[in-house]
Structure formats: structure tokens, C-alpha cells
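Here is the structure we will look at, set down as C-alpha cells.
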Amino acid sequence: MRRHPGRRAAVVVLDGVGAGDAPDAADFGDAGANTLANTARAVGGLDLPNLQRLGLGNILDLEGVPPAPAPAASWGLMTERSAAKATLAGHWEIMGLVLEEPLPTYPQGFPGWIIDRFERETGRKVIGNRPASGTQIIEELGPEQERTGAWIVYTSADSVFQVAAHTGVIPLEELYKACEKAHRMLIGEGRILVERVIARPYHGSPGAYERENENRRDYGIEPFGETYLDRIKASGQEVVAVGKIRDIFDGRGITRHLPGKPDDAAKVDAVLEALGGLERGLVFANLVDFDAKYGHRRDPEGMAQNLERFDRRLPELLGALGPEDLLIITADHGNDPTFRGTDHTRERVPLLSVGGGEARSLGVRGTFADAGATAAAWLGARKDGLPGESWV
């Protein structure tokens, strides 16, 4: 058996898997949203025996997942303090950086001067320029892009500038260079006009377009202050980012990146790979398919199936832990696949914590930062000045 000379922590974020009941949900137009409970109801119950044993059914009333008499994990909920329901805001808060003011969003599309400058600097026209589901706007405008060579630009409820390009029409490297120009224009000139610029390549033919998720690139803003990632790295320990974590933090506080492409199964493999070689430090992982493939596409059956796939892999994750290891499973926001629209939903997030003492109720935490504070405390990194309270 492999010996672990130091403590390790793993934080696994099930992107978009909210648990409802955010106290300010109505302010975001999301009263009644509950990703887990509504998904379970829509499919006639979830089959999650491993998450059930940890205590998922102790967190909320979940069809098919009864409370465990003696949960194997500590359980609870976390409430977001940040003024957003976005991926970046949720992850930043998990690691101790709270956005007190929301980042700009563009429910009517981007102002003309932004589009004009993007067209001028890239040499191509823009079509779209409105909030949309990525898959839907590609199906709608893909034929026009193939005819004209124009960029498909769109946004969402998040503060994002997304650029879709058919790789048979616009080469991948040209798409990346265009997004770098957009990043410089919207983020890199002393102002923050969006949270992220996202390159969205796709291929195929009308009615059968497919996004190339493995070639997606995010160009984000650098965290405006220290995070628990910085503190753990400064203590001389490794911080391994899995999935889009590196992009969300613009590489800050990270020592190694494992992309885990192309899907959540590969990301679980990457977490296991990281744990297999990590002596001391943190593994921070994002499983994006819950959000990108099922939440935004309003697909409760797909959401349920992905939860069940993750549940089947959970024994491998638990088996990779040593006696001095901590595993935290949580989320960054909601994305209720039964709710109106196609955007994120303002929700509390579930919390399961394996290791660090006797399993117990963790109650309703006042900030996502409690997760980062706990991981940092477990690893002996300093906390001073950052929000969050450790439960270990």
C-alpha cells in the first residue's frame, strides 16, 4: 500500500449541481429552482447508492435517495455570498475571494462599439450578438457562418463573450487569436467588461453540428486578491488543477494542470492520476458536463445519468484516499434542467466532506469559502485575511 507522508485534500466541484433554497433566489428570478431535487422528480428518482451512503439524502429531500442512518461523510449546504450565479464567482468564493459587486452582463447583446472593434481587429463580421444557448445558436447560425465566414458571437446570464467558429471555415488558431484580441480589449486594458472570453470551436453540417469541447479555451480575468490556492502553494505544497480550474484562476496559485479531456469520466481519471502521484497538497477539480451538457441544454435525463455515472466512480475516489486525506464534494451554482430559460440558477450547493473527524451535520454554511478554508486548514496553510470557517 502506498504511504502518504503528508496530508492531502481534494475538492471536486460538480459544476451546476445546486440544491435549491438560496435565500435571494427571487432576486435573480430563480425562486423554485433546485437542480438536484427537480432533476430527481423529473426522472422518477435518482439511483445514487454511493452518494446516498455518504449522506446526500440527508442534505435535502431527494427522490430515490433516502437519508442515510449513519452517513459516511459530513453533510450540509453552502450559501453563496458573491453577487452572482456564475462559474468564476462560485469557484473564486470557494477559494476565499468574494465578488461583492456583480460583473457586467449583456442581456441585450454587446454594445456596438465592442462588436465594431472586434470586427475591425479580426477582419471578419459578427452575427448573433445576443444571449443564447451555444448549441442552439450554432444550429441556427452555423449555415450562415459557413456561407459568410462571419464570427458567431453570443453571451449568457454569465459575464462572458463567446465566439463560435466552424473549424472547417475558420482555422482553430485564427479563432484563438481572435479570442486573445477580445480578451485584451475587454479585460486587458485597465477595465473589466467581461469575466471570460471563450473560444467555442465546432464542426459538422447543418442539423449535425458538434462542439469541440476538447479544443475550447477560456481567457479569464486574474483573481484580484489572494486565494487559498495561493496560500497552499506558498506553503510549499502542490496545487493540481483538473478541468477548467486553471482557466478560472488564470493560472494563479496552481502548480500543475490536468485538462481531463474530453468529458467528466476523463476528469475523474485525472483526479485519480493526481492523487496517485501527490504527496502533499490540493487537487481542485471541476466536472463541467453537468453544467455544459445537461443544465444549459435543459436535459434532466442527461443530468440524472451523469450523476449516476459519477456515483459509480465514487468508490474509486474514496479508495484513493489515505487516512490523512480529505475529500470535499460540492458545486459552484445551480443549473436546474427543469427551469425556464437556459442559464444558471441561484441556489445553495450541496456539501459532502469525507475525512477530518467524525461524520456530522455541517448545517447551512454562510459562504462557499468555508470549503477553501477547510482545505487550507487541513493542509496547514495560513488563513489570515480570507473569509471562511473551517469545519475540521
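Chain labels run A, B, ... following the order of the C-alpha cells; each chain numbers its residues from 1, and ligands are numbered from 1 in the order shown.
Residues surrounding range 7-14 of chain A within 7 Å are Arg280, Gly281, Leu282, Val283, Phe284, Ala285, Asn286, Leu287, Val288, Phe290, Glu324, Asp325, Leu326, Leu327, Ile328, Ile329, Thr330, Ala331, Asp332, Ala375 and Leu379 of chain A [only C-alpha atoms; sequence separation below 4 positions excluded].
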What does the file look like for those residues with C-alpha atoms, as an mmCIF file, in the first residue's frame?
```cif
data_model
loop_
_atom_site.group_PDB
_atom_site.id
_atom_site.type_symbol
_atom_site.label_atom_id
_atom_site.label_comp_id
_atom_site.auth_asym_id
_atom_site.auth_seq_id
_atom_site.Cartn_x
_atom_site.Cartn_y
_atom_site.Cartn_z
ATOM 1 C CA ARG A 280 1.265 16.811 -0.083
ATOM 2 C CA GLY A 281 -1.203 19.386 -1.297
ATOM 3 C CA LEU A 282 -4.507 20.009 -3.018
ATOM 4 C CA VAL A 283 -6.361 18.594 -6.012
ATOM 5 C CA PHE A 284 -9.039 21.026 -7.211
ATOM 6 C CA ALA A 285 -11.311 19.650 -9.925
ATOM 7 C CA ASN A 286 -14.253 20.883 -11.968
ATOM 8 C CA LEU A 287 -16.635 18.393 -13.608
ATOM 9 C CA VAL A 288 -18.201 20.603 -16.257
ATOM 10 C CA PHE A 290 -23.345 18.647 -15.507
ATOM 11 C CA GLU A 324 -4.690 11.678 6.327
ATOM 12 C CA ASP A 325 -6.712 12.761 3.299
ATOM 13 C CA LEU A 326 -9.777 14.973 2.966
ATOM 14 C CA LEU A 327 -12.334 14.887 0.131
ATOM 15 C CA ILE A 328 -14.884 17.685 -0.354
ATOM 16 C CA ILE A 329 -17.671 17.298 -2.938
ATOM 17 C CA THR A 330 -19.699 20.419 -3.697
ATOM 18 C CA ALA A 331 -20.874 22.722 -6.535
ATOM 19 C CA ASP A 332 -20.414 26.302 -7.715
ATOM 20 C CA ALA A 375 -8.890 22.538 2.759
ATOM 21 C CA LEU A 379 -3.076 21.335 4.809
#
```
Shell around Gln162 in chain A at 7 Å using only C-alpha atoms, local window under 2 positions removed, as a PDB file with all heavy atoms, in the first residue's frame:
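Once written, part-v5.pdb looks like this:
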```pdb
ATOM      1  N   VAL A 153     -20.985  35.371 -32.367  1.00  0.00           N
ATOM      2  CA  VAL A 153     -20.704  35.907 -31.037  1.00  0.00           C
ATOM      3  C   VAL A 153     -21.988  35.847 -30.214  1.00  0.00           C
ATOM      4  O   VAL A 153     -23.062  36.237 -30.694  1.00  0.00           O
ATOM      5  CB  VAL A 153     -20.191  37.363 -31.116  1.00  0.00           C
ATOM      6  CG1 VAL A 153     -20.129  37.999 -29.725  1.00  0.00           C
ATOM      7  CG2 VAL A 153     -18.815  37.399 -31.774  1.00  0.00           C
ATOM      8  N   TYR A 154     -21.886  35.364 -28.991  1.00  0.00           N
ATOM      9  CA  TYR A 154     -23.059  35.292 -28.124  1.00  0.00           C
ATOM     10  C   TYR A 154     -22.625  35.383 -26.666  1.00  0.00           C
ATOM     11  O   TYR A 154     -21.439  35.321 -26.341  1.00  0.00           O
ATOM     12  CB  TYR A 154     -23.862  34.017 -28.389  1.00  0.00           C
ATOM     13  CG  TYR A 154     -23.153  32.715 -28.079  1.00  0.00           C
ATOM     14  CD1 TYR A 154     -23.463  31.983 -26.935  1.00  0.00           C
ATOM     15  CD2 TYR A 154     -22.185  32.207 -28.936  1.00  0.00           C
ATOM     16  CE1 TYR A 154     -22.825  30.777 -26.654  1.00  0.00           C
ATOM     17  CE2 TYR A 154     -21.551  31.008 -28.674  1.00  0.00           C
ATOM     18  CZ  TYR A 154     -21.879  30.295 -27.532  1.00  0.00           C
ATOM     19  OH  TYR A 154     -21.238  29.116 -27.256  1.00  0.00           O
ATOM     20  N   THR A 155     -23.595  35.556 -25.797  1.00  0.00           N
ATOM     21  CA  THR A 155     -23.321  35.644 -24.370  1.00  0.00           C
ATOM     22  C   THR A 155     -24.353  34.801 -23.627  1.00  0.00           C
ATOM     23  O   THR A 155     -25.041  33.974 -24.230  1.00  0.00           O
ATOM     24  CB  THR A 155     -23.324  37.122 -23.902  1.00  0.00           C
ATOM     25  OG1 THR A 155     -22.913  37.189 -22.538  1.00  0.00           O
ATOM     26  CG2 THR A 155     -24.692  37.761 -24.063  1.00  0.00           C
ATOM     27  N   VAL A 160     -19.818  36.743 -20.034  1.00  0.00           N
ATOM     28  CA  VAL A 160     -18.933  36.046 -20.972  1.00  0.00           C
ATOM     29  C   VAL A 160     -19.135  36.551 -22.397  1.00  0.00           C
ATOM     30  O   VAL A 160     -20.243  36.899 -22.803  1.00  0.00           O
ATOM     31  CB  VAL A 160     -19.152  34.513 -20.939  1.00  0.00           C
ATOM     32  CG1 VAL A 160     -18.666  33.924 -19.629  1.00  0.00           C
ATOM     33  CG2 VAL A 160     -20.618  34.148 -21.167  1.00  0.00           C
ATOM     34  N   ALA A 164     -18.007  31.447 -31.415  1.00  0.00           N
ATOM     35  CA  ALA A 164     -18.108  30.120 -32.020  1.00  0.00           C
ATOM     36  C   ALA A 164     -17.614  30.183 -33.461  1.00  0.00           C
ATOM     37  O   ALA A 164     -17.905  31.136 -34.195  1.00  0.00           O
ATOM     38  CB  ALA A 164     -19.545  29.622 -31.985  1.00  0.00           C
ATOM     39  N   VAL A 197     -13.573  35.441 -21.884  1.00  0.00           N
ATOM     40  CA  VAL A 197     -13.763  35.248 -23.316  1.00  0.00           C
ATOM     41  C   VAL A 197     -13.598  33.762 -23.573  1.00  0.00           C
ATOM     42  O   VAL A 197     -12.653  33.140 -23.072  1.00  0.00           O
ATOM     43  CB  VAL A 197     -12.743  36.061 -24.137  1.00  0.00           C
ATOM     44  CG1 VAL A 197     -12.861  35.737 -25.621  1.00  0.00           C
ATOM     45  CG2 VAL A 197     -12.917  37.556 -23.887  1.00  0.00           C
ATOM     46  N   ILE A 198     -14.514  33.175 -24.332  1.00  0.00           N
ATOM     47  CA  ILE A 198     -14.487  31.723 -24.538  1.00  0.00           C
ATOM     48  C   ILE A 198     -14.460  31.408 -26.025  1.00  0.00           C
ATOM     49  O   ILE A 198     -15.328  31.862 -26.788  1.00  0.00           O
ATOM     50  CB  ILE A 198     -15.704  31.037 -23.889  1.00  0.00           C
ATOM     51  CG1 ILE A 198     -15.802  31.406 -22.398  1.00  0.00           C
ATOM     52  CG2 ILE A 198     -15.602  29.513 -24.050  1.00  0.00           C
ATOM     53  CD1 ILE A 198     -17.036  30.844 -21.717  1.00  0.00           C
ATOM     54  N   ALA A 199     -13.466  30.636 -26.444  1.00  0.00           N
ATOM     55  CA  ALA A 199     -13.386  30.127 -27.813  1.00  0.00           C
ATOM     56  C   ALA A 199     -14.192  28.840 -27.899  1.00  0.00           C
ATOM     57  O   ALA A 199     -13.930  27.890 -27.160  1.00  0.00           O
ATOM     58  CB  ALA A 199     -11.930  29.871 -28.197  1.00  0.00           C
ATOM     59  N   ARG A 200     -15.170  28.811 -28.821  1.00  0.00           N
ATOM     60  CA  ARG A 200     -16.090  27.676 -28.947  1.00  0.00           C
ATOM     61  C   ARG A 200     -16.021  27.075 -30.356  1.00  0.00           C
ATOM     62  O   ARG A 200     -16.866  27.328 -31.211  1.00  0.00           O
ATOM     63  CB  ARG A 200     -17.517  28.139 -28.677  1.00  0.00           C
ATOM     64  CG  ARG A 200     -17.801  28.532 -27.241  1.00  0.00           C
ATOM     65  CD  ARG A 200     -17.944  27.310 -26.380  1.00  0.00           C
ATOM     66  NE  ARG A 200     -18.629  27.599 -25.125  1.00  0.00           N
ATOM     67  CZ  ARG A 200     -18.921  26.683 -24.220  1.00  0.00           C
ATOM     68  NH1 ARG A 200     -18.603  25.418 -24.448  1.00  0.00           N
ATOM     69  NH2 ARG A 200     -19.517  27.021 -23.111  1.00  0.00           N
TER      70      ARG A 200
END
```
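CA of Gly204 in chain A lies 9.4 Å from CA of Gly142 in chain A.
Neighbours of Ala369 in chain A closer than or equal to 8 Å, with only C-alpha atoms counted and sequence neighbours fewer than 3 positions away skipped, come out as Glu93, Ile94, Met95, Gly96, Leu97, Gly372, Ala373, Pro387, Gly388 and Glu389 of chain A.
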Open item on the list: So that I can see what lies close to range 118-122 of chain A, please list as a ChimeraX atom specification the residues with an atom at most 12 Å from it, counting only C-alpha atoms and leaving out residues fewer than 6 positions away in the same chain.
Closed with: /A:110-112,129,149-153,161,163,170,174-186
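In terms of minimum interatomic distance to Pro66 in chain A, A:Leu54 ranks closest within A:Val364, A:Val43, A:Leu54, A:Ala22, counting only C-alpha atoms.
Secondary structure by DSSP on the backbone puts the following residues of range 278-331 of chain A in helix (DSSP H, G or I): Asp289, Phe290, Asp291, Ala292, Lys293, Tyr294, Gly295, Pro300, Glu301, Gly302, Met303, Ala304, Gln305, Asn306, Leu307, Glu308, Arg309, Phe310, Asp311, Arg312, Arg313, Leu314, Pro315, Glu316, Leu317, Leu318 and Gly319 of chain A.
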Excluding Lys244 in chain A and its own-chain neighbours fewer than 3 positions away, which residues fall within 10 Å of it when counting only C-alpha atoms? Please give them as a PDB file with all heavy atoms, in the first residue's frame.
```pdb
ATOM      1  N   ARG A 216     -11.997  23.777 -26.671  1.00  0.00           N
ATOM      2  CA  ARG A 216     -12.477  25.017 -26.058  1.00  0.00           C
ATOM      3  C   ARG A 216     -11.327  25.670 -25.287  1.00  0.00           C
ATOM      4  O   ARG A 216     -10.500  24.996 -24.662  1.00  0.00           O
ATOM      5  CB  ARG A 216     -13.625  24.709 -25.101  1.00  0.00           C
ATOM      6  CG  ARG A 216     -13.940  25.842 -24.133  1.00  0.00           C
ATOM      7  CD  ARG A 216     -15.053  25.481 -23.187  1.00  0.00           C
ATOM      8  NE  ARG A 216     -15.159  26.435 -22.086  1.00  0.00           N
ATOM      9  CZ  ARG A 216     -16.207  26.529 -21.284  1.00  0.00           C
ATOM     10  NH1 ARG A 216     -17.251  25.739 -21.468  1.00  0.00           N
ATOM     11  NH2 ARG A 216     -16.220  27.404 -20.308  1.00  0.00           N
ATOM     12  N   ARG A 217     -11.281  27.009 -25.318  1.00  0.00           N
ATOM     13  CA  ARG A 217     -10.320  27.740 -24.499  1.00  0.00           C
ATOM     14  C   ARG A 217     -11.013  28.906 -23.810  1.00  0.00           C
ATOM     15  O   ARG A 217     -11.827  29.603 -24.420  1.00  0.00           O
ATOM     16  CB  ARG A 217      -9.150  28.268 -25.331  1.00  0.00           C
ATOM     17  CG  ARG A 217      -8.131  27.203 -25.669  1.00  0.00           C
ATOM     18  CD  ARG A 217      -6.844  27.803 -26.193  1.00  0.00           C
ATOM     19  NE  ARG A 217      -5.925  26.779 -26.639  1.00  0.00           N
ATOM     20  CZ  ARG A 217      -4.787  27.013 -27.291  1.00  0.00           C
ATOM     21  NH1 ARG A 217      -4.446  28.271 -27.564  1.00  0.00           N
ATOM     22  NH2 ARG A 217      -4.003  26.021 -27.663  1.00  0.00           N
ATOM     23  N   ASP A 218     -10.680  29.101 -22.534  1.00  0.00           N
ATOM     24  CA  ASP A 218     -11.222  30.207 -21.752  1.00  0.00           C
ATOM     25  C   ASP A 218     -10.106  31.207 -21.476  1.00  0.00           C
ATOM     26  O   ASP A 218      -9.004  30.814 -21.081  1.00  0.00           O
ATOM     27  CB  ASP A 218     -11.780  29.697 -20.420  1.00  0.00           C
ATOM     28  CG  ASP A 218     -13.042  28.864 -20.584  1.00  0.00           C
ATOM     29  OD1 ASP A 218     -13.081  27.981 -21.473  1.00  0.00           O
ATOM     30  OD2 ASP A 218     -13.985  29.075 -19.819  1.00  0.00           O
ATOM     31  N   ALA A 241      -4.651  21.416 -10.628  1.00  0.00           N
ATOM     32  CA  ALA A 241      -5.927  21.842 -11.185  1.00  0.00           C
ATOM     33  C   ALA A 241      -6.392  20.826 -12.222  1.00  0.00           C
ATOM     34  O   ALA A 241      -5.625  20.449 -13.111  1.00  0.00           O
ATOM     35  CB  ALA A 241      -5.786  23.216 -11.828  1.00  0.00           C
ATOM     36  N   ASP A 247      -8.104  27.812 -15.991  1.00  0.00           N
ATOM     37  CA  ASP A 247      -8.627  28.967 -16.717  1.00  0.00           C
ATOM     38  C   ASP A 247      -9.381  29.910 -15.775  1.00  0.00           C
ATOM     39  O   ASP A 247      -9.277  31.132 -15.888  1.00  0.00           O
ATOM     40  CB  ASP A 247      -9.560  28.513 -17.836  1.00  0.00           C
ATOM     41  CG  ASP A 247      -8.839  27.777 -18.947  1.00  0.00           C
ATOM     42  OD1 ASP A 247      -7.622  27.999 -19.107  1.00  0.00           O
ATOM     43  OD2 ASP A 247      -9.469  26.970 -19.644  1.00  0.00           O
ATOM     44  N   ILE A 248     -10.146  29.356 -14.850  1.00  0.00           N
ATOM     45  CA  ILE A 248     -10.950  30.174 -13.942  1.00  0.00           C
ATOM     46  C   ILE A 248     -10.058  31.062 -13.084  1.00  0.00           C
ATOM     47  O   ILE A 248     -10.410  32.211 -12.787  1.00  0.00           O
ATOM     48  CB  ILE A 248     -11.838  29.270 -13.063  1.00  0.00           C
ATOM     49  CG1 ILE A 248     -12.908  28.586 -13.921  1.00  0.00           C
ATOM     50  CG2 ILE A 248     -12.484  30.057 -11.928  1.00  0.00           C
ATOM     51  CD1 ILE A 248     -13.644  27.467 -13.206  1.00  0.00           C
ATOM     52  N   PHE A 249      -8.892  30.567 -12.701  1.00  0.00           N
ATOM     53  CA  PHE A 249      -7.977  31.326 -11.846  1.00  0.00           C
ATOM     54  C   PHE A 249      -6.818  31.929 -12.642  1.00  0.00           C
ATOM     55  O   PHE A 249      -5.866  32.433 -12.048  1.00  0.00           O
ATOM     56  CB  PHE A 249      -7.458  30.440 -10.717  1.00  0.00           C
ATOM     57  CG  PHE A 249      -8.518  30.124  -9.687  1.00  0.00           C
ATOM     58  CD1 PHE A 249      -9.388  29.063  -9.870  1.00  0.00           C
ATOM     59  CD2 PHE A 249      -8.666  30.916  -8.560  1.00  0.00           C
ATOM     60  CE1 PHE A 249     -10.387  28.785  -8.941  1.00  0.00           C
ATOM     61  CE2 PHE A 249      -9.652  30.652  -7.633  1.00  0.00           C
ATOM     62  CZ  PHE A 249     -10.517  29.586  -7.824  1.00  0.00           C
ATOM     63  N   ASP A 250      -6.905  31.861 -13.958  1.00  0.00           N
ATOM     64  CA  ASP A 250      -5.872  32.410 -14.836  1.00  0.00           C
ATOM     65  C   ASP A 250      -4.488  31.898 -14.446  1.00  0.00           C
ATOM     66  O   ASP A 250      -3.485  32.613 -14.542  1.00  0.00           O
ATOM     67  CB  ASP A 250      -5.910  33.939 -14.812  1.00  0.00           C
ATOM     68  CG  ASP A 250      -5.242  34.561 -16.032  1.00  0.00           C
ATOM     69  OD1 ASP A 250      -5.305  33.950 -17.113  1.00  0.00           O
ATOM     70  OD2 ASP A 250      -4.635  35.634 -15.902  1.00  0.00           O
ATOM     71  N   HIS A 257      -1.425  21.337 -14.076  1.00  0.00           N
ATOM     72  CA  HIS A 257      -2.744  21.338 -14.712  1.00  0.00           C
ATOM     73  C   HIS A 257      -2.962  20.023 -15.439  1.00  0.00           C
ATOM     74  O   HIS A 257      -2.124  19.587 -16.232  1.00  0.00           O
ATOM     75  CB  HIS A 257      -2.828  22.492 -15.708  1.00  0.00           C
ATOM     76  CG  HIS A 257      -4.003  22.423 -16.641  1.00  0.00           C
ATOM     77  ND1 HIS A 257      -5.310  22.399 -16.204  1.00  0.00           N
ATOM     78  CD2 HIS A 257      -4.066  22.380 -18.005  1.00  0.00           C
ATOM     79  CE1 HIS A 257      -6.116  22.339 -17.249  1.00  0.00           C
ATOM     80  NE2 HIS A 257      -5.389  22.327 -18.349  1.00  0.00           N
ATOM     81  N   LEU A 258      -4.101  19.375 -15.175  1.00  0.00           N
ATOM     82  CA  LEU A 258      -4.510  18.178 -15.890  1.00  0.00           C
ATOM     83  C   LEU A 258      -5.848  18.491 -16.560  1.00  0.00           C
ATOM     84  O   LEU A 258      -6.856  18.676 -15.870  1.00  0.00           O
ATOM     85  CB  LEU A 258      -4.671  16.988 -14.930  1.00  0.00           C
ATOM     86  CG  LEU A 258      -3.405  16.541 -14.189  1.00  0.00           C
ATOM     87  CD1 LEU A 258      -3.740  15.432 -13.188  1.00  0.00           C
ATOM     88  CD2 LEU A 258      -2.356  16.040 -15.174  1.00  0.00           C
ATOM     89  N   PRO A 259      -5.895  18.593 -17.882  1.00  0.00           N
ATOM     90  CA  PRO A 259      -7.135  19.026 -18.538  1.00  0.00           C
ATOM     91  C   PRO A 259      -8.296  18.059 -18.386  1.00  0.00           C
ATOM     92  O   PRO A 259      -9.457  18.470 -18.365  1.00  0.00           O
ATOM     93  CB  PRO A 259      -6.724  19.194 -20.002  1.00  0.00           C
ATOM     94  CG  PRO A 259      -5.485  18.389 -20.157  1.00  0.00           C
ATOM     95  CD  PRO A 259      -4.789  18.416 -18.836  1.00  0.00           C
ATOM     96  N   GLY A 260      -8.014  16.765 -18.307  1.00  0.00           N
ATOM     97  CA  GLY A 260      -9.100  15.799 -18.152  1.00  0.00           C
ATOM     98  C   GLY A 260     -10.089  15.835 -19.304  1.00  0.00           C
ATOM     99  O   GLY A 260     -11.298  15.736 -19.103  1.00  0.00           O
ATOM    100  N   LYS A 261      -9.589  15.938 -20.528  1.00  0.00           N
ATOM    101  CA  LYS A 261     -10.474  15.961 -21.697  1.00  0.00           C
ATOM    102  C   LYS A 261     -10.735  14.538 -22.169  1.00  0.00           C
ATOM    103  O   LYS A 261      -9.893  13.664 -22.005  1.00  0.00           O
ATOM    104  CB  LYS A 261      -9.824  16.804 -22.802  1.00  0.00           C
ATOM    105  CG  LYS A 261      -9.695  18.275 -22.423  1.00  0.00           C
ATOM    106  CD  LYS A 261      -9.000  19.066 -23.518  1.00  0.00           C
ATOM    107  CE  LYS A 261      -8.912  20.540 -23.137  1.00  0.00           C
ATOM    108  NZ  LYS A 261      -8.253  21.353 -24.165  1.00  0.00           N
ATOM    109  N   PHE A 284      -7.827  20.218  -7.054  1.00  0.00           N
ATOM    110  CA  PHE A 284      -9.039  21.026  -7.211  1.00  0.00           C
ATOM    111  C   PHE A 284      -9.591  20.737  -8.593  1.00  0.00           C
ATOM    112  O   PHE A 284      -8.941  21.025  -9.603  1.00  0.00           O
ATOM    113  CB  PHE A 284      -8.691  22.501  -7.044  1.00  0.00           C
ATOM    114  CG  PHE A 284      -9.868  23.440  -6.930  1.00  0.00           C
ATOM    115  CD1 PHE A 284     -11.141  22.994  -6.610  1.00  0.00           C
ATOM    116  CD2 PHE A 284      -9.697  24.798  -7.154  1.00  0.00           C
ATOM    117  CE1 PHE A 284     -12.211  23.860  -6.502  1.00  0.00           C
ATOM    118  CE2 PHE A 284     -10.751  25.691  -7.050  1.00  0.00           C
ATOM    119  CZ  PHE A 284     -12.019  25.216  -6.717  1.00  0.00           C
ATOM    120  N   ALA A 285     -10.781  20.155  -8.658  1.00  0.00           N
ATOM    121  CA  ALA A 285     -11.311  19.650  -9.925  1.00  0.00           C
ATOM    122  C   ALA A 285     -12.685  20.214 -10.211  1.00  0.00           C
ATOM    123  O   ALA A 285     -13.520  20.385  -9.310  1.00  0.00           O
ATOM    124  CB  ALA A 285     -11.387  18.124  -9.893  1.00  0.00           C
ATOM    125  N   ASN A 286     -12.937  20.480 -11.492  1.00  0.00           N
ATOM    126  CA  ASN A 286     -14.253  20.883 -11.968  1.00  0.00           C
ATOM    127  C   ASN A 286     -14.763  19.834 -12.950  1.00  0.00           C
ATOM    128  O   ASN A 286     -14.083  19.504 -13.925  1.00  0.00           O
ATOM    129  CB  ASN A 286     -14.174  22.247 -12.655  1.00  0.00           C
ATOM    130  CG  ASN A 286     -15.472  22.616 -13.360  1.00  0.00           C
ATOM    131  OD1 ASN A 286     -15.746  22.177 -14.478  1.00  0.00           O
ATOM    132  ND2 ASN A 286     -16.289  23.418 -12.703  1.00  0.00           N
ATOM    133  N   LEU A 287     -15.976  19.323 -12.695  1.00  0.00           N
ATOM    134  CA  LEU A 287     -16.635  18.393 -13.608  1.00  0.00           C
ATOM    135  C   LEU A 287     -17.714  19.180 -14.344  1.00  0.00           C
ATOM    136  O   LEU A 287     -18.798  19.451 -13.806  1.00  0.00           O
ATOM    137  CB  LEU A 287     -17.223  17.207 -12.845  1.00  0.00           C
ATOM    138  CG  LEU A 287     -16.273  16.025 -12.580  1.00  0.00           C
ATOM    139  CD1 LEU A 287     -15.015  16.450 -11.841  1.00  0.00           C
ATOM    140  CD2 LEU A 287     -16.986  14.915 -11.816  1.00  0.00           C
ATOM    141  N   VAL A 288     -17.421  19.573 -15.568  1.00  0.00           N
ATOM    142  CA  VAL A 288     -18.201  20.603 -16.257  1.00  0.00           C
ATOM    143  C   VAL A 288     -19.426  20.070 -16.980  1.00  0.00           C
ATOM    144  O   VAL A 288     -20.354  20.824 -17.288  1.00  0.00           O
ATOM    145  CB  VAL A 288     -17.296  21.361 -17.252  1.00  0.00           C
ATOM    146  CG1 VAL A 288     -16.949  20.494 -18.462  1.00  0.00           C
ATOM    147  CG2 VAL A 288     -17.938  22.669 -17.691  1.00  0.00           C
TER     148      VAL A 288
END
```
- [ ] May I have the residues within 12 Å of Leu56 in chain A as a ChimeraX atom specification, using only C-alpha atoms and disregarding those fewer than 5 positions away in the same chain?
- [x] /A:19,36-37,46-51,61-77,307,311,329-330,349-353,361
Open item on the list: What's the separation between CA of Tyr219 in chain A and CA of Glu173 in chain A, in Å to one decimal place?
Closed with: 14.4 Å
TODO: Would you return as number ranges by chain the members of range 164-221 of chain A that DSSP assigns to strand (DSSP E or B) on this structure's backbone?
DONE: A: 164-166, 196-203, 210-211, 217-220
I need the chosen residues saved as a PDB file, in the first residue's frame, with C-alpha atoms.
```pdb
ATOM      1  CA  ALA A 164     -18.108  30.120 -32.020  1.00  0.00           C
ATOM      2  CA  ALA A 165     -16.330  29.100 -35.216  1.00  0.00           C
ATOM      3  CA  HIS A 166     -16.727  26.166 -37.584  1.00  0.00           C
ATOM      4  CA  ARG A 196     -14.243  35.480 -19.576  1.00  0.00           C
ATOM      5  CA  VAL A 197     -13.763  35.248 -23.316  1.00  0.00           C
ATOM      6  CA  ILE A 198     -14.487  31.723 -24.538  1.00  0.00           C
ATOM      7  CA  ALA A 199     -13.386  30.127 -27.813  1.00  0.00           C
ATOM      8  CA  ARG A 200     -16.090  27.676 -28.947  1.00  0.00           C
ATOM      9  CA  PRO A 201     -14.939  25.642 -31.964  1.00  0.00           C
ATOM     10  CA  TYR A 202     -17.311  23.196 -33.641  1.00  0.00           C
ATOM     11  CA  HIS A 203     -17.552  21.069 -36.764  1.00  0.00           C
ATOM     12  CA  GLU A 210     -20.844  19.151 -32.805  1.00  0.00           C
ATOM     13  CA  ARG A 211     -18.917  21.383 -30.440  1.00  0.00           C
ATOM     14  CA  ARG A 217     -10.320  27.740 -24.499  1.00  0.00           C
ATOM     15  CA  ASP A 218     -11.222  30.207 -21.752  1.00  0.00           C
ATOM     16  CA  TYR A 219      -9.463  33.553 -21.400  1.00  0.00           C
ATOM     17  CA  GLY A 220     -10.366  34.924 -17.964  1.00  0.00           C
TER      18      GLY A 220
END
```
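Put simply, CA of His296 in chain A is 8.4 Å away from CA of Gly341 in chain A.
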Task: Option closest in space to Ala40 in chain A, from A:Asp370, A:Glu308, A:Asp289, A:Glu358 [counting only C-alpha atoms] - done: A:Glu308
Open item on the list: Considering only C-alpha atoms, can you say which of A:Leu386, A:Val242, A:Ile221, A:Ala292 comes closest to Gly134 in chain A?
Closed with: A:Ala292
TODO: Identify, on the basis of only C-alpha atoms, every residue whose closest approach to Leu275 in chain A does not exceed 9 Å; exclude the query and any residue fewer than 2 positions from it along the same chain; express the result as a PyMOL selection string.
DONE: chain A and resi 8+10+270-273+277-279+283+317+320-321
TODO: Kindly indicate which residue among A:Val392, A:Ala381, A:Val98, A:Ala304 lies nearest to Val354 in chain A, using only C-alpha atoms for the distances.
DONE: A:Val392
